[in-house]
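Right, one structure below, let's go through it.
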Amino acid sequence: MTRAVSSPPAGWQLGRQGTGYEKRLLARGRWPLPFDVWLLRYRPGAGVPTHTDPVPGKRHYRLNVLLRRAEGGVFHCERTLWRRGRVVLFRPDQSLHRVTPVTHGTRYVLSVGWVLSAG
Ligand SMILES: O=C(O)CCC(=O)C(=O)O
Ligand SMILES: [Fe+2]
């Protein structure tokens, strides 16, 4: 059986529509704070235009670890809270951010997020 070219492989779902990256949920939990863990994959052509990731009535934090670099695929963020090497902590709900399209290779990011009550 053939599969539509655009449909992601089993276990993966498409990221923001039309931007071409794929994501896979690795874990979700509530302790010690509500969190989620995603693996993001950017194959050639995939990127994310400038956006924020608001969670209504909550504060959203993400700690992203660049597991594998590719050509292109550069993360830009208006304001980071902390950054060292391949690791970045930022407020995706507040800071505009984007990823330039991957031109060669495959980019992988481990993304851990926390959604906390606004306070
Ligand atoms: O792939 C990245 O570096 C960032 C993806 C993103 O938009 C996010 O984690 O909110
Ligand atoms: Fe984002």
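Note on naming: chains are A, B, ... as they come in the structure tokens, residues start from 1 per chain, ligands start from 1 in the order shown.
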
Problem set entry | Residues within 7 Å of ligand 1, counting only C-alpha atoms and all ligand atoms, as a list in words |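 Residues lying within 7 Å of ligand 1: Leu40, Val48, Asp53, Arg62, Asn64, Phe75, Pro92, His97, Arg98, Val99, Val109 and Ser111 of chain A.
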
For this session: Please identify every polymer residue within 12 Å of ligand 2, using only C-alpha atoms and all ligand atoms, and present the set as a VMD selection string.
Result: chain A and resid 15 to 16 19 21 23 38 40 47 to 55 60 to 64 75 to 78 89 to 99 109 111 to 113

File of the preceding selection, C-alpha atoms, as a PDB file, in the first residue's frame:
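Result went into selection17.pdb, see below:
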```pdb
ATOM      1  CA  GLY A  15       4.120  20.207  13.656  1.00  0.00           C
ATOM      2  CA  ARG A  16       2.494  23.549  12.948  1.00  0.00           C
ATOM      3  CA  THR A  19       5.908  24.248   8.220  1.00  0.00           C
ATOM      4  CA  TYR A  21       8.590  19.630  10.884  1.00  0.00           C
ATOM      5  CA  LYS A  23       7.031  15.832  16.383  1.00  0.00           C
ATOM      6  CA  TRP A  38       8.728  16.000  22.556  1.00  0.00           C
ATOM      7  CA  LEU A  40      11.186  17.361  17.054  1.00  0.00           C
ATOM      8  CA  GLY A  47      11.507  25.090   9.447  1.00  0.00           C
ATOM      9  CA  VAL A  48       9.141  27.186  11.548  1.00  0.00           C
ATOM     10  CA  PRO A  49       8.231  30.782  10.755  1.00  0.00           C
ATOM     11  CA  THR A  50       8.198  33.395  13.491  1.00  0.00           C
ATOM     12  CA  HIS A  51       5.585  32.541  16.124  1.00  0.00           C
ATOM     13  CA  THR A  52       4.750  32.272  19.797  1.00  0.00           C
ATOM     14  CA  ASP A  53       3.178  29.305  21.603  1.00  0.00           C
ATOM     15  CA  PRO A  54       0.640  30.818  23.984  1.00  0.00           C
ATOM     16  CA  VAL A  55      -1.189  28.730  26.553  1.00  0.00           C
ATOM     17  CA  HIS A  60       4.844  28.373  29.150  1.00  0.00           C
ATOM     18  CA  TYR A  61       8.530  27.500  29.516  1.00  0.00           C
ATOM     19  CA  ARG A  62      10.600  25.286  27.239  1.00  0.00           C
ATOM     20  CA  LEU A  63      14.038  23.763  27.579  1.00  0.00           C
ATOM     21  CA  ASN A  64      15.229  22.705  24.139  1.00  0.00           C
ATOM     22  CA  PHE A  75      16.908  28.699  16.032  1.00  0.00           C
ATOM     23  CA  HIS A  76      16.335  32.411  16.593  1.00  0.00           C
ATOM     24  CA  CYS A  77      14.620  33.755  19.686  1.00  0.00           C
ATOM     25  CA  GLU A  78      13.804  37.317  20.676  1.00  0.00           C
ATOM     26  CA  LEU A  89      15.539  27.871  28.041  1.00  0.00           C
ATOM     27  CA  PHE A  90      12.949  30.353  26.842  1.00  0.00           C
ATOM     28  CA  ARG A  91       9.351  31.547  27.154  1.00  0.00           C
ATOM     29  CA  PRO A  92       7.720  30.442  23.892  1.00  0.00           C
ATOM     30  CA  ASP A  93       4.510  32.171  24.937  1.00  0.00           C
ATOM     31  CA  GLN A  94       6.247  35.553  25.229  1.00  0.00           C
ATOM     32  CA  SER A  95       9.242  35.532  22.899  1.00  0.00           C
ATOM     33  CA  LEU A  96       8.913  35.433  19.152  1.00  0.00           C
ATOM     34  CA  HIS A  97      11.006  32.567  17.808  1.00  0.00           C
ATOM     35  CA  ARG A  98      11.622  30.700  14.573  1.00  0.00           C
ATOM     36  CA  VAL A  99      13.757  28.034  12.949  1.00  0.00           C
ATOM     37  CA  VAL A 109      15.548  18.669  19.110  1.00  0.00           C
ATOM     38  CA  SER A 111      11.936  19.779  23.838  1.00  0.00           C
ATOM     39  CA  VAL A 112      10.817  19.739  27.460  1.00  0.00           C
ATOM     40  CA  GLY A 113       7.963  22.061  28.318  1.00  0.00           C
TER      41      GLY A 113
END
```

Exercise. Which of stretch 10-68 of chain A counts as strand (DSSP E or B) under DSSP, as an MDAnalysis selection string please?
Worked result: chainID A and resid 13:14 22:29 35:42 48:51 58:68

Could you save those same residues with N, CA and C atoms as a short mmCIF file (atom, residue, chain, number, x, y, z; two decimals), in the first residue's frame?
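Final output, result-v9.cif:
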```
data_model
loop_
_atom_site.label_atom_id
_atom_site.label_comp_id
_atom_site.auth_asym_id
_atom_site.auth_seq_id
_atom_site.Cartn_x
_atom_site.Cartn_y
_atom_site.Cartn_z
N GLN A 13 3.70 13.10 14.39
CA GLN A 13 2.65 13.97 13.89
C GLN A 13 3.27 15.23 13.32
N LEU A 14 2.49 15.86 12.45
CA LEU A 14 3.00 17.08 11.84
C LEU A 14 3.01 18.21 12.85
N GLU A 22 8.24 17.61 12.11
CA GLU A 22 7.45 16.53 12.70
C GLU A 22 7.76 16.43 14.18
N LYS A 23 6.80 15.94 14.95
CA LYS A 23 7.03 15.83 16.38
C LYS A 23 6.49 14.52 16.90
N ARG A 24 7.11 14.06 17.98
CA ARG A 24 6.75 12.78 18.57
C ARG A 24 6.73 12.96 20.08
N LEU A 25 5.59 12.66 20.66
CA LEU A 25 5.46 12.80 22.12
C LEU A 25 6.21 11.67 22.82
N LEU A 26 7.14 12.02 23.70
CA LEU A 26 7.90 11.00 24.43
C LEU A 26 7.36 10.80 25.83
N ALA A 27 6.91 11.87 26.44
CA ALA A 27 6.43 11.76 27.83
C ALA A 27 5.56 12.96 28.16
N ARG A 28 4.66 12.72 29.09
CA ARG A 28 3.83 13.78 29.60
C ARG A 28 3.57 13.42 31.05
N GLY A 29 3.58 14.39 31.93
CA GLY A 29 3.35 14.06 33.34
C GLY A 29 2.95 15.27 34.13
N PHE A 35 4.37 18.72 32.79
CA PHE A 35 5.40 18.81 31.76
C PHE A 35 5.06 17.95 30.55
N ASP A 36 5.74 18.22 29.44
CA ASP A 36 5.67 17.34 28.27
C ASP A 36 7.06 17.28 27.65
N VAL A 37 7.34 16.17 27.00
CA VAL A 37 8.63 15.98 26.35
C VAL A 37 8.38 15.54 24.91
N TRP A 38 8.91 16.30 23.98
CA TRP A 38 8.73 16.00 22.56
C TRP A 38 10.07 15.83 21.88
N LEU A 39 10.09 14.97 20.88
CA LEU A 39 11.22 14.92 19.97
C LEU A 39 10.76 15.62 18.69
N LEU A 40 11.52 16.62 18.27
CA LEU A 40 11.19 17.36 17.05
C LEU A 40 12.16 16.97 15.96
N ARG A 41 11.64 16.82 14.79
CA ARG A 41 12.50 16.44 13.66
C ARG A 41 12.25 17.37 12.48
N TYR A 42 13.34 17.89 11.95
CA TYR A 42 13.28 18.78 10.78
C TYR A 42 14.07 18.14 9.66
N VAL A 48 10.34 26.61 10.93
CA VAL A 48 9.14 27.19 11.55
C VAL A 48 9.22 28.70 11.43
N PRO A 49 8.22 29.32 10.82
CA PRO A 49 8.23 30.78 10.75
C PRO A 49 8.03 31.40 12.14
N THR A 50 8.29 32.67 12.22
CA THR A 50 8.20 33.39 13.49
C THR A 50 6.82 33.19 14.14
N HIS A 51 6.84 32.81 15.42
CA HIS A 51 5.59 32.54 16.12
C HIS A 51 5.81 32.61 17.64
N LYS A 58 -1.86 30.69 31.25
CA LYS A 58 -0.71 29.98 31.85
C LYS A 58 0.61 30.59 31.38
N ARG A 59 1.66 30.20 32.09
CA ARG A 59 3.02 30.55 31.66
C ARG A 59 3.64 29.31 31.03
N HIS A 60 4.27 29.50 29.90
CA HIS A 60 4.84 28.37 29.15
C HIS A 60 6.36 28.53 29.09
N TYR A 61 7.06 27.53 29.57
CA TYR A 61 8.53 27.50 29.52
C TYR A 61 8.97 26.31 28.69
N ARG A 62 10.05 26.46 27.94
CA ARG A 62 10.60 25.29 27.24
C ARG A 62 12.12 25.26 27.35
N LEU A 63 12.60 24.03 27.57
CA LEU A 63 14.04 23.76 27.58
C LEU A 63 14.31 22.88 26.37
N ASN A 64 14.97 23.44 25.38
CA ASN A 64 15.23 22.70 24.14
C ASN A 64 16.70 22.32 24.04
N VAL A 65 16.92 21.08 23.67
CA VAL A 65 18.28 20.56 23.52
C VAL A 65 18.46 20.14 22.06
N LEU A 66 19.42 20.74 21.41
CA LEU A 66 19.69 20.38 20.02
C LEU A 66 20.48 19.08 20.00
N LEU A 67 19.80 18.00 19.66
CA LEU A 67 20.45 16.68 19.67
C LEU A 67 21.30 16.46 18.44
N ARG A 68 20.78 16.93 17.31
CA ARG A 68 21.55 16.77 16.08
C ARG A 68 21.38 18.01 15.20
#
```

Problem set entry | Of the listed residues A:Leu110, A:Gly105, A:Gly85, A:Leu116, that which approaches A:Ala46 most closely, counting only C-alpha atoms | A:Gly105

Exercise. Expressed in Å to a single decimal, how great is the separation between atom CA of A:Gly57 and atom CA of A:Gly119?
Worked result: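 These two atoms are separated by 9.4 Å.
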
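Relative to atom CA of A:Pro44, atom CA of A:Gly72 is found at 8.8 Å.
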
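Here atom CA of A:Trp114 is placed at a distance of 6.9 Å from atom CA of A:Leu33.
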